[in-house]
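File shown: query-v7.cif (mmCIF, N, CA and C atoms).
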data_structure
loop_
_atom_site.group_PDB
_atom_site.id
_atom_site.type_symbol
_atom_site.label_atom_id
_atom_site.label_comp_id
_atom_site.auth_asym_id
_atom_site.auth_seq_id
_atom_site.Cartn_x
_atom_site.Cartn_y
_atom_site.Cartn_z
ATOM 1 N N MET J 1217 11.036 -38.114 88.145
ATOM 2 C CA MET J 1217 9.628 -37.815 87.927
ATOM 3 C C MET J 1217 8.825 -38.680 88.884
ATOM 4 N N GLY J 1218 7.908 -38.076 89.634
ATOM 5 C CA GLY J 1218 7.099 -38.817 90.587
ATOM 6 C C GLY J 1218 6.055 -39.677 89.904
ATOM 7 N N LEU J 1219 5.342 -40.423 90.700
ATOM 8 C CA LEU J 1219 4.313 -41.325 90.193
ATOM 9 C C LEU J 1219 3.237 -40.575 89.417
ATOM 10 N N ILE J 1220 2.820 -39.427 89.932
ATOM 11 C CA ILE J 1220 1.782 -38.650 89.243
ATOM 12 C C ILE J 1220 2.301 -38.166 87.896
ATOM 13 N N GLY J 1221 3.549 -37.696 87.865
ATOM 14 C CA GLY J 1221 4.134 -37.244 86.602
ATOM 15 C C GLY J 1221 4.173 -38.354 85.570
ATOM 16 N N LYS J 1222 4.501 -39.569 85.989
ATOM 17 C CA LYS J 1222 4.527 -40.705 85.056
ATOM 18 C C LYS J 1222 3.128 -41.048 84.566
ATOM 19 N N ALA J 1223 2.155 -40.982 85.451
ATOM 20 C CA ALA J 1223 0.790 -41.355 85.083
ATOM 21 C C ALA J 1223 0.202 -40.406 84.040
ATOM 22 N N PHE J 1224 0.633 -39.159 84.071
ATOM 23 C CA PHE J 1224 0.072 -38.177 83.158
ATOM 24 C C PHE J 1224 1.122 -37.613 82.204
ATOM 25 N N SER J 1225 2.036 -38.445 81.784
ATOM 26 C CA SER J 1225 3.064 -37.979 80.856
ATOM 27 C C SER J 1225 2.434 -37.640 79.512
ATOM 28 N N ASP J 1226 3.116 -36.819 78.719
ATOM 29 C CA ASP J 1226 2.592 -36.393 77.424
ATOM 30 C C ASP J 1226 2.221 -37.572 76.531
ATOM 31 N N GLU J 1227 3.062 -38.571 76.501
ATOM 32 C CA GLU J 1227 2.832 -39.698 75.610
ATOM 33 C C GLU J 1227 1.552 -40.445 75.965
ATOM 34 N N GLU J 1228 1.330 -40.672 77.234
ATOM 35 C CA GLU J 1228 0.209 -41.504 77.633
ATOM 36 C C GLU J 1228 -1.145 -40.901 77.272
ATOM 37 N N TRP J 1229 -1.376 -39.668 77.616
ATOM 38 C CA TRP J 1229 -2.701 -39.108 77.348
ATOM 39 C C TRP J 1229 -2.946 -38.894 75.868
ATOM 40 N N ARG J 1230 -1.917 -38.596 75.107
ATOM 41 C CA ARG J 1230 -2.100 -38.379 73.668
ATOM 42 C C ARG J 1230 -2.455 -39.663 72.941
ATOM 43 N N GLU J 1231 -2.035 -40.787 73.468
ATOM 44 C CA GLU J 1231 -2.352 -42.074 72.839
ATOM 45 C C GLU J 1231 -3.852 -42.353 72.833
ATOM 46 N N HIS J 1232 -4.595 -41.716 73.711
ATOM 47 C CA HIS J 1232 -6.021 -41.982 73.846
ATOM 48 C C HIS J 1232 -6.895 -40.977 73.105
ATOM 49 N N LEU J 1233 -6.294 -40.122 72.325
ATOM 50 C CA LEU J 1233 -7.054 -39.115 71.593
ATOM 51 C C LEU J 1233 -7.524 -39.645 70.251
ATOM 52 N N ASP J 1234 -8.628 -39.135 69.816
ATOM 53 C CA ASP J 1234 -9.115 -39.372 68.465
ATOM 54 C C ASP J 1234 -8.077 -38.784 67.495
ATOM 55 N N GLU J 1235 -7.892 -39.416 66.343
ATOM 56 C CA GLU J 1235 -6.872 -38.944 65.384
ATOM 57 C C GLU J 1235 -7.088 -37.499 64.971
ATOM 58 N N GLU J 1236 -8.335 -37.126 64.736
ATOM 59 C CA GLU J 1236 -8.626 -35.747 64.307
ATOM 60 C C GLU J 1236 -8.249 -34.751 65.401
ATOM 61 N N VAL J 1237 -8.579 -35.064 66.638
ATOM 62 C CA VAL J 1237 -8.239 -34.189 67.757
ATOM 63 C C VAL J 1237 -6.724 -34.096 67.897
ATOM 64 N N ALA J 1238 -6.043 -35.215 67.768
ATOM 65 C CA ALA J 1238 -4.582 -35.221 67.872
ATOM 66 C C ALA J 1238 -3.958 -34.344 66.782
ATOM 67 N N ARG J 1239 -4.489 -34.409 65.569
ATOM 68 C CA ARG J 1239 -3.978 -33.570 64.468
ATOM 69 C C ARG J 1239 -4.202 -32.092 64.768
ATOM 70 N N LYS J 1240 -5.358 -31.776 65.329
ATOM 71 C CA LYS J 1240 -5.651 -30.374 65.638
ATOM 72 C C LYS J 1240 -4.717 -29.851 66.722
ATOM 73 N N ILE J 1241 -4.468 -30.663 67.718
ATOM 74 C CA ILE J 1241 -3.530 -30.253 68.775
ATOM 75 C C ILE J 1241 -2.145 -30.046 68.185
ATOM 76 N N GLU J 1242 -1.745 -30.940 67.310
ATOM 77 C CA GLU J 1242 -0.425 -30.823 66.680
ATOM 78 C C GLU J 1242 -0.324 -29.531 65.864
ATOM 79 N N LYS J 1243 -1.401 -29.170 65.159
ATOM 80 C CA LYS J 1243 -1.408 -27.922 64.389
ATOM 81 C C LYS J 1243 -1.253 -26.715 65.308
ATOM 82 N N ILE J 1244 -1.961 -26.740 66.427
ATOM 83 C CA ILE J 1244 -1.858 -25.625 67.375
ATOM 84 C C ILE J 1244 -0.437 -25.549 67.933
ATOM 85 N N LEU J 1245 0.123 -26.696 68.292
ATOM 86 C CA LEU J 1245 1.494 -26.701 68.826
ATOM 87 C C LEU J 1245 2.491 -26.161 67.803
ATOM 88 N N ASN J 1246 2.291 -26.491 66.547
ATOM 89 C CA ASN J 1246 3.177 -25.969 65.502
ATOM 90 C C ASN J 1246 3.026 -24.460 65.344
ATOM 91 N N ARG J 1247 1.804 -23.954 65.508
ATOM 92 C CA ARG J 1247 1.581 -22.509 65.386
ATOM 93 C C ARG J 1247 2.235 -21.717 66.500
ATOM 94 N N ILE J 1248 2.359 -22.316 67.680
ATOM 95 C CA ILE J 1248 2.912 -21.556 68.803
ATOM 96 C C ILE J 1248 4.406 -21.792 69.004
ATOM 97 N N LYS J 1249 5.012 -22.600 68.140
ATOM 98 C CA LYS J 1249 6.461 -22.833 68.246
ATOM 99 C C LYS J 1249 7.274 -21.545 68.226
ATOM 100 N N PRO J 1250 6.892 -20.547 67.424
ATOM 101 C CA PRO J 1250 7.682 -19.305 67.423
ATOM 102 C C PRO J 1250 7.749 -18.612 68.790
ATOM 103 N N PHE J 1251 6.827 -18.946 69.688
ATOM 104 C CA PHE J 1251 6.782 -18.315 71.011
ATOM 105 C C PHE J 1251 7.392 -19.199 72.095
ATOM 106 N N LYS J 1252 8.052 -20.269 71.680
ATOM 107 C CA LYS J 1252 8.569 -21.261 72.630
ATOM 108 C C LYS J 1252 9.513 -20.661 73.663
ATOM 109 N N GLU J 1253 10.399 -19.793 73.218
ATOM 110 C CA GLU J 1253 11.341 -19.177 74.164
ATOM 111 C C GLU J 1253 10.605 -18.402 75.252
ATOM 112 N N ALA J 1254 9.513 -17.767 74.880
ATOM 113 C CA ALA J 1254 8.755 -16.967 75.852
ATOM 114 C C ALA J 1254 8.104 -17.866 76.901
ATOM 115 N N TYR J 1255 7.353 -18.874 76.462
ATOM 116 C CA TYR J 1255 6.666 -19.681 77.473
ATOM 117 C C TYR J 1255 7.596 -20.622 78.214
ATOM 118 N N LYS J 1256 8.777 -20.920 77.650
ATOM 119 C CA LYS J 1256 9.768 -21.742 78.358
ATOM 120 C C LYS J 1256 10.330 -21.003 79.573
ATOM 121 N N LYS J 1257 10.282 -19.669 79.543
ATOM 122 C CA LYS J 1257 10.815 -18.868 80.654
ATOM 123 C C LYS J 1257 9.850 -18.794 81.829
ATOM 124 N N SER J 1258 8.637 -19.266 81.629
ATOM 125 C CA SER J 1258 7.647 -19.210 82.698
ATOM 126 C C SER J 1258 7.932 -20.277 83.750
ATOM 127 N N ARG J 1259 7.587 -19.958 84.969
ATOM 128 C CA ARG J 1259 7.721 -20.931 86.039
ATOM 129 C C ARG J 1259 6.744 -22.089 85.814
ATOM 130 N N HIS J 1260 5.627 -21.782 85.140
ATOM 131 C CA HIS J 1260 4.593 -22.778 84.832
ATOM 132 C C HIS J 1260 4.484 -22.869 83.307
ATOM 133 N N GLU J 1261 5.453 -23.521 82.710
ATOM 134 C CA GLU J 1261 5.589 -23.563 81.255
ATOM 135 C C GLU J 1261 4.321 -24.051 80.552
ATOM 136 N N SER J 1262 3.736 -25.128 81.046
ATOM 137 C CA SER J 1262 2.567 -25.682 80.357
ATOM 138 C C SER J 1262 1.378 -24.724 80.404
ATOM 139 N N VAL J 1263 1.225 -24.001 81.501
ATOM 140 C CA VAL J 1263 0.137 -23.028 81.599
ATOM 141 C C VAL J 1263 0.391 -21.862 80.640
ATOM 142 N N ALA J 1264 1.615 -21.400 80.600
ATOM 143 C CA ALA J 1264 1.962 -20.312 79.680
ATOM 144 C C ALA J 1264 1.744 -20.755 78.232
ATOM 145 N N GLN J 1265 2.094 -21.995 77.933
ATOM 146 C CA GLN J 1265 1.912 -22.534 76.586
ATOM 147 C C GLN J 1265 0.418 -22.545 76.225
ATOM 148 N N LEU J 1266 -0.422 -22.917 77.170
ATOM 149 C CA LEU J 1266 -1.872 -22.905 76.923
ATOM 150 C C LEU J 1266 -2.386 -21.498 76.654
ATOM 151 N N TRP J 1267 -1.872 -20.510 77.409
ATOM 152 C CA TRP J 1267 -2.298 -19.125 77.190
ATOM 153 C C TRP J 1267 -1.886 -18.634 75.811
ATOM 154 N N VAL J 1268 -0.698 -19.010 75.378
ATOM 155 C CA VAL J 1268 -0.243 -18.615 74.042
ATOM 156 C C VAL J 1268 -1.134 -19.256 72.982
ATOM 157 N N ALA J 1269 -1.454 -20.535 73.167
ATOM 158 C CA ALA J 1269 -2.336 -21.228 72.224
ATOM 159 C C ALA J 1269 -3.713 -20.571 72.199
ATOM 160 N N LEU J 1270 -4.213 -20.226 73.363
ATOM 161 C CA LEU J 1270 -5.512 -19.567 73.450
ATOM 162 C C LEU J 1270 -5.499 -18.223 72.720
ATOM 163 N N ALA J 1271 -4.429 -17.478 72.876
ATOM 164 C CA ALA J 1271 -4.306 -16.185 72.181
ATOM 165 C C ALA J 1271 -4.285 -16.377 70.668
ATOM 166 N N GLU J 1272 -3.609 -17.405 70.197
ATOM 167 C CA GLU J 1272 -3.569 -17.686 68.751
ATOM 168 C C GLU J 1272 -4.963 -18.047 68.237
ATOM 169 N N ILE J 1273 -5.679 -18.839 68.987
ATOM 170 C CA ILE J 1273 -7.032 -19.221 68.587
ATOM 171 C C ILE J 1273 -7.945 -17.995 68.609
ATOM 172 N N TYR J 1274 -7.776 -17.148 69.623
ATOM 173 C CA TYR J 1274 -8.571 -15.922 69.710
ATOM 174 C C TYR J 1274 -8.297 -15.012 68.506
ATOM 175 N N ARG J 1275 -7.058 -14.965 68.069
ATOM 176 C CA ARG J 1275 -6.709 -14.169 66.886
ATOM 177 C C ARG J 1275 -7.512 -14.661 65.675
ATOM 178 N N ASP J 1276 -7.630 -15.981 65.537
ATOM 179 C CA ASP J 1276 -8.420 -16.548 64.441
ATOM 180 C C ASP J 1276 -9.897 -16.172 64.569
ATOM 181 N N VAL J 1277 -10.425 -16.248 65.780
ATOM 182 C CA VAL J 1277 -11.830 -15.904 66.011
ATOM 183 C C VAL J 1277 -12.081 -14.451 65.632
ATOM 184 N N GLU J 1278 -11.178 -13.562 66.010
ATOM 185 C CA GLU J 1278 -11.336 -12.143 65.651
ATOM 186 C C GLU J 1278 -11.326 -11.956 64.132
ATOM 187 N N ARG J 1279 -10.427 -12.656 63.454
ATOM 188 C CA ARG J 1279 -10.342 -12.552 61.993
ATOM 189 C C ARG J 1279 -11.636 -13.063 61.355
ATOM 190 N N ILE J 1280 -12.162 -14.156 61.842
ATOM 191 C CA ILE J 1280 -13.410 -14.705 61.314
ATOM 192 C C ILE J 1280 -14.567 -13.753 61.596
ATOM 193 N N ASP J 1281 -14.592 -13.164 62.785
ATOM 194 C CA ASP J 1281 -15.638 -12.191 63.120
ATOM 195 C C ASP J 1281 -15.621 -11.001 62.162
ATOM 196 N N ARG J 1282 -14.425 -10.492 61.863
ATOM 197 C CA ARG J 1282 -14.330 -9.355 60.933
ATOM 198 C C ARG J 1282 -14.850 -9.742 59.553
ATOM 199 N N ARG J 1283 -14.475 -10.926 59.082
ATOM 200 C CA ARG J 1283 -14.949 -11.376 57.768
ATOM 201 C C ARG J 1283 -16.455 -11.551 57.763
ATOM 202 N N LEU J 1284 -16.987 -12.134 58.824
ATOM 203 C CA LEU J 1284 -18.431 -12.336 58.921
ATOM 204 C C LEU J 1284 -19.163 -10.999 58.957
ATOM 205 N N ASP J 1285 -18.627 -10.020 59.671
ATOM 206 C CA ASP J 1285 -19.229 -8.686 59.701
ATOM 207 C C ASP J 1285 -19.299 -8.084 58.306
ATOM 208 N N ARG J 1286 -18.205 -8.224 57.543
ATOM 209 C CA ARG J 1286 -18.213 -7.689 56.171
ATOM 210 C C ARG J 1286 -19.266 -8.390 55.314
ATOM 211 N N ILE J 1287 -19.381 -9.690 55.465
ATOM 212 C CA ILE J 1287 -20.366 -10.449 54.691
ATOM 213 C C ILE J 1287 -21.781 -10.029 55.083
ATOM 214 N N GLU J 1288 -22.024 -9.894 56.375
ATOM 215 C CA GLU J 1288 -23.350 -9.478 56.837
ATOM 216 C C GLU J 1288 -23.697 -8.085 56.338
ATOM 217 N N ARG J 1289 -22.750 -7.153 56.392
ATOM 218 C CA ARG J 1289 -23.010 -5.799 55.896
ATOM 219 C C ARG J 1289 -23.325 -5.830 54.400
ATOM 220 N N TYR J 1290 -22.624 -6.683 53.673
ATOM 221 C CA TYR J 1290 -22.856 -6.794 52.235
ATOM 222 C C TYR J 1290 -24.294 -7.241 51.967
ATOM 223 N N PHE J 1291 -24.757 -8.249 52.695
ATOM 224 C CA PHE J 1291 -26.094 -8.770 52.438
ATOM 225 C C PHE J 1291 -27.200 -7.898 53.034
ATOM 226 N N GLU J 1292 -26.856 -6.986 53.914
ATOM 227 C CA GLU J 1292 -27.846 -6.055 54.444
ATOM 228 C C GLU J 1292 -28.138 -4.941 53.445
ATOM 229 N N LYS J 1293 -27.250 -4.724 52.511
ATOM 230 C CA LYS J 1293 -27.469 -3.694 51.500
ATOM 231 C C LYS J 1293 -28.608 -4.137 50.585
ATOM 232 N N ASP J 1294 -29.247 -3.181 49.956
ATOM 233 C CA ASP J 1294 -30.299 -3.575 49.027
ATOM 234 C C ASP J 1294 -29.681 -4.104 47.741
ATOM 235 N N LYS J 1295 -30.492 -4.759 46.944
ATOM 236 C CA LYS J 1295 -30.005 -5.448 45.751
ATOM 237 C C LYS J 1295 -29.287 -4.501 44.793
ATOM 238 N N GLU J 1296 -29.815 -3.297 44.589
ATOM 239 C CA GLU J 1296 -29.186 -2.349 43.668
ATOM 240 C C GLU J 1296 -27.774 -2.003 44.115
ATOM 241 N N GLU J 1297 -27.628 -1.765 45.397
ATOM 242 C CA GLU J 1297 -26.317 -1.410 45.947
ATOM 243 C C GLU J 1297 -25.324 -2.569 45.774
ATOM 244 N N ARG J 1298 -25.794 -3.793 45.991
ATOM 245 C CA ARG J 1298 -24.929 -4.972 45.816
ATOM 246 C C ARG J 1298 -24.525 -5.126 44.355
ATOM 247 N N ASP J 1299 -25.503 -4.931 43.453
ATOM 248 C CA ASP J 1299 -25.210 -5.054 42.030
ATOM 249 C C ASP J 1299 -24.169 -4.033 41.587
ATOM 250 N N GLU J 1300 -24.280 -2.796 42.091
ATOM 251 C CA GLU J 1300 -23.300 -1.755 41.756
ATOM 252 C C GLU J 1300 -21.916 -2.153 42.271
ATOM 253 N N GLU J 1301 -21.881 -2.664 43.484
ATOM 254 C CA GLU J 1301 -20.606 -3.074 44.066
ATOM 255 C C GLU J 1301 -19.974 -4.207 43.250
ATOM 256 N N LEU J 1302 -20.787 -5.161 42.816
ATOM 257 C CA LEU J 1302 -20.278 -6.268 42.005
ATOM 258 C C LEU J 1302 -19.806 -5.781 40.639
ATOM 259 N N GLU J 1303 -20.511 -4.809 40.056
ATOM 260 C CA GLU J 1303 -20.088 -4.245 38.776
ATOM 261 C C GLU J 1303 -18.743 -3.547 38.913
ATOM 262 N N ASP J 1304 -18.578 -2.794 40.001
ATOM 263 C CA ASP J 1304 -17.302 -2.129 40.247
ATOM 264 C C ASP J 1304 -16.182 -3.152 40.397
ATOM 265 N N LEU J 1305 -16.471 -4.217 41.111
ATOM 266 C CA LEU J 1305 -15.478 -5.264 41.295
ATOM 267 C C LEU J 1305 -15.141 -5.932 39.970
ATOM 268 N N ALA J 1306 -16.152 -6.224 39.178
ATOM 269 C CA ALA J 1306 -15.919 -6.850 37.883
ATOM 270 C C ALA J 1306 -15.103 -5.929 36.984
ATOM 271 N N GLY J 1307 -15.405 -4.632 37.026
ATOM 272 C CA GLY J 1307 -14.645 -3.661 36.228
ATOM 273 C C GLY J 1307 -13.192 -3.619 36.638
ATOM 274 N N SER J 1308 -12.933 -3.682 37.920
ATOM 275 C CA SER J 1308 -11.547 -3.641 38.376
ATOM 276 C C SER J 1308 -10.818 -4.938 38.022
ATOM 277 N N LEU J 1309 -11.537 -6.047 37.968
ATOM 278 C CA LEU J 1309 -10.913 -7.330 37.607
ATOM 279 C C LEU J 1309 -10.566 -7.369 36.117
ATOM 280 N N GLU J 1310 -11.302 -6.626 35.301
ATOM 281 C CA GLU J 1310 -11.011 -6.592 33.867
ATOM 282 C C GLU J 1310 -9.637 -6.017 33.580
ATOM 283 N N ASN J 1311 -9.141 -5.168 34.497
ATOM 284 C CA ASN J 1311 -7.819 -4.567 34.311
ATOM 285 C C ASN J 1311 -6.703 -5.585 34.450
ATOM 286 N N TYR J 1312 -7.009 -6.726 35.052
ATOM 287 C CA TYR J 1312 -5.996 -7.761 35.231
ATOM 288 C C TYR J 1312 -6.074 -8.691 34.095
#
What is this structure when it is put down as structure tokens?
Amino acid sequence: MGLIGKAFSDEEWREHLDEEVARKIEKILNRIKPFKEAYKKSRHESVAQLWVALAEIYRDVERIDRRLDRIERYFEKDKEERDEELEDLAGSLENY
């Protein structure tokens, strides 16, 4: 490993991270472990790993966007419509 590789080794830069940031990075790395074989085959493994992580984060953003859209549509309805929807939901919960 050359001088530059030693200066920027994984251990060194991670030691300087805030604990919360380090935990978040660790969570992302754990989420992309199932794709390890794929990004290991890349000529630029670390770049491929970043793209996989980015795709996983994007998946979360899309899921949050869909949930937010549903919430916004719910609150755009008038009060009567919301009350009917809640009554239907309550009725269906009574079956459980």
| Atomic distance atom N of Glu1242 of chain J - atom CA of Asp1281 of chain J, expressed in Å with one decimal | 23.7 Å
| request: Please return as a PyMOL selection string: the residues of chain J that backbone DSSP assigns to helix (DSSP H, G or I). | output: chain J and resi 1219-1223+1226-1230+1235-1247+1249-1256+1261-1292+1295-1310
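The coordinates place atom CA of Asp1276 of chain J at 16.7 Å from atom CA of Phe1251 of chain J.
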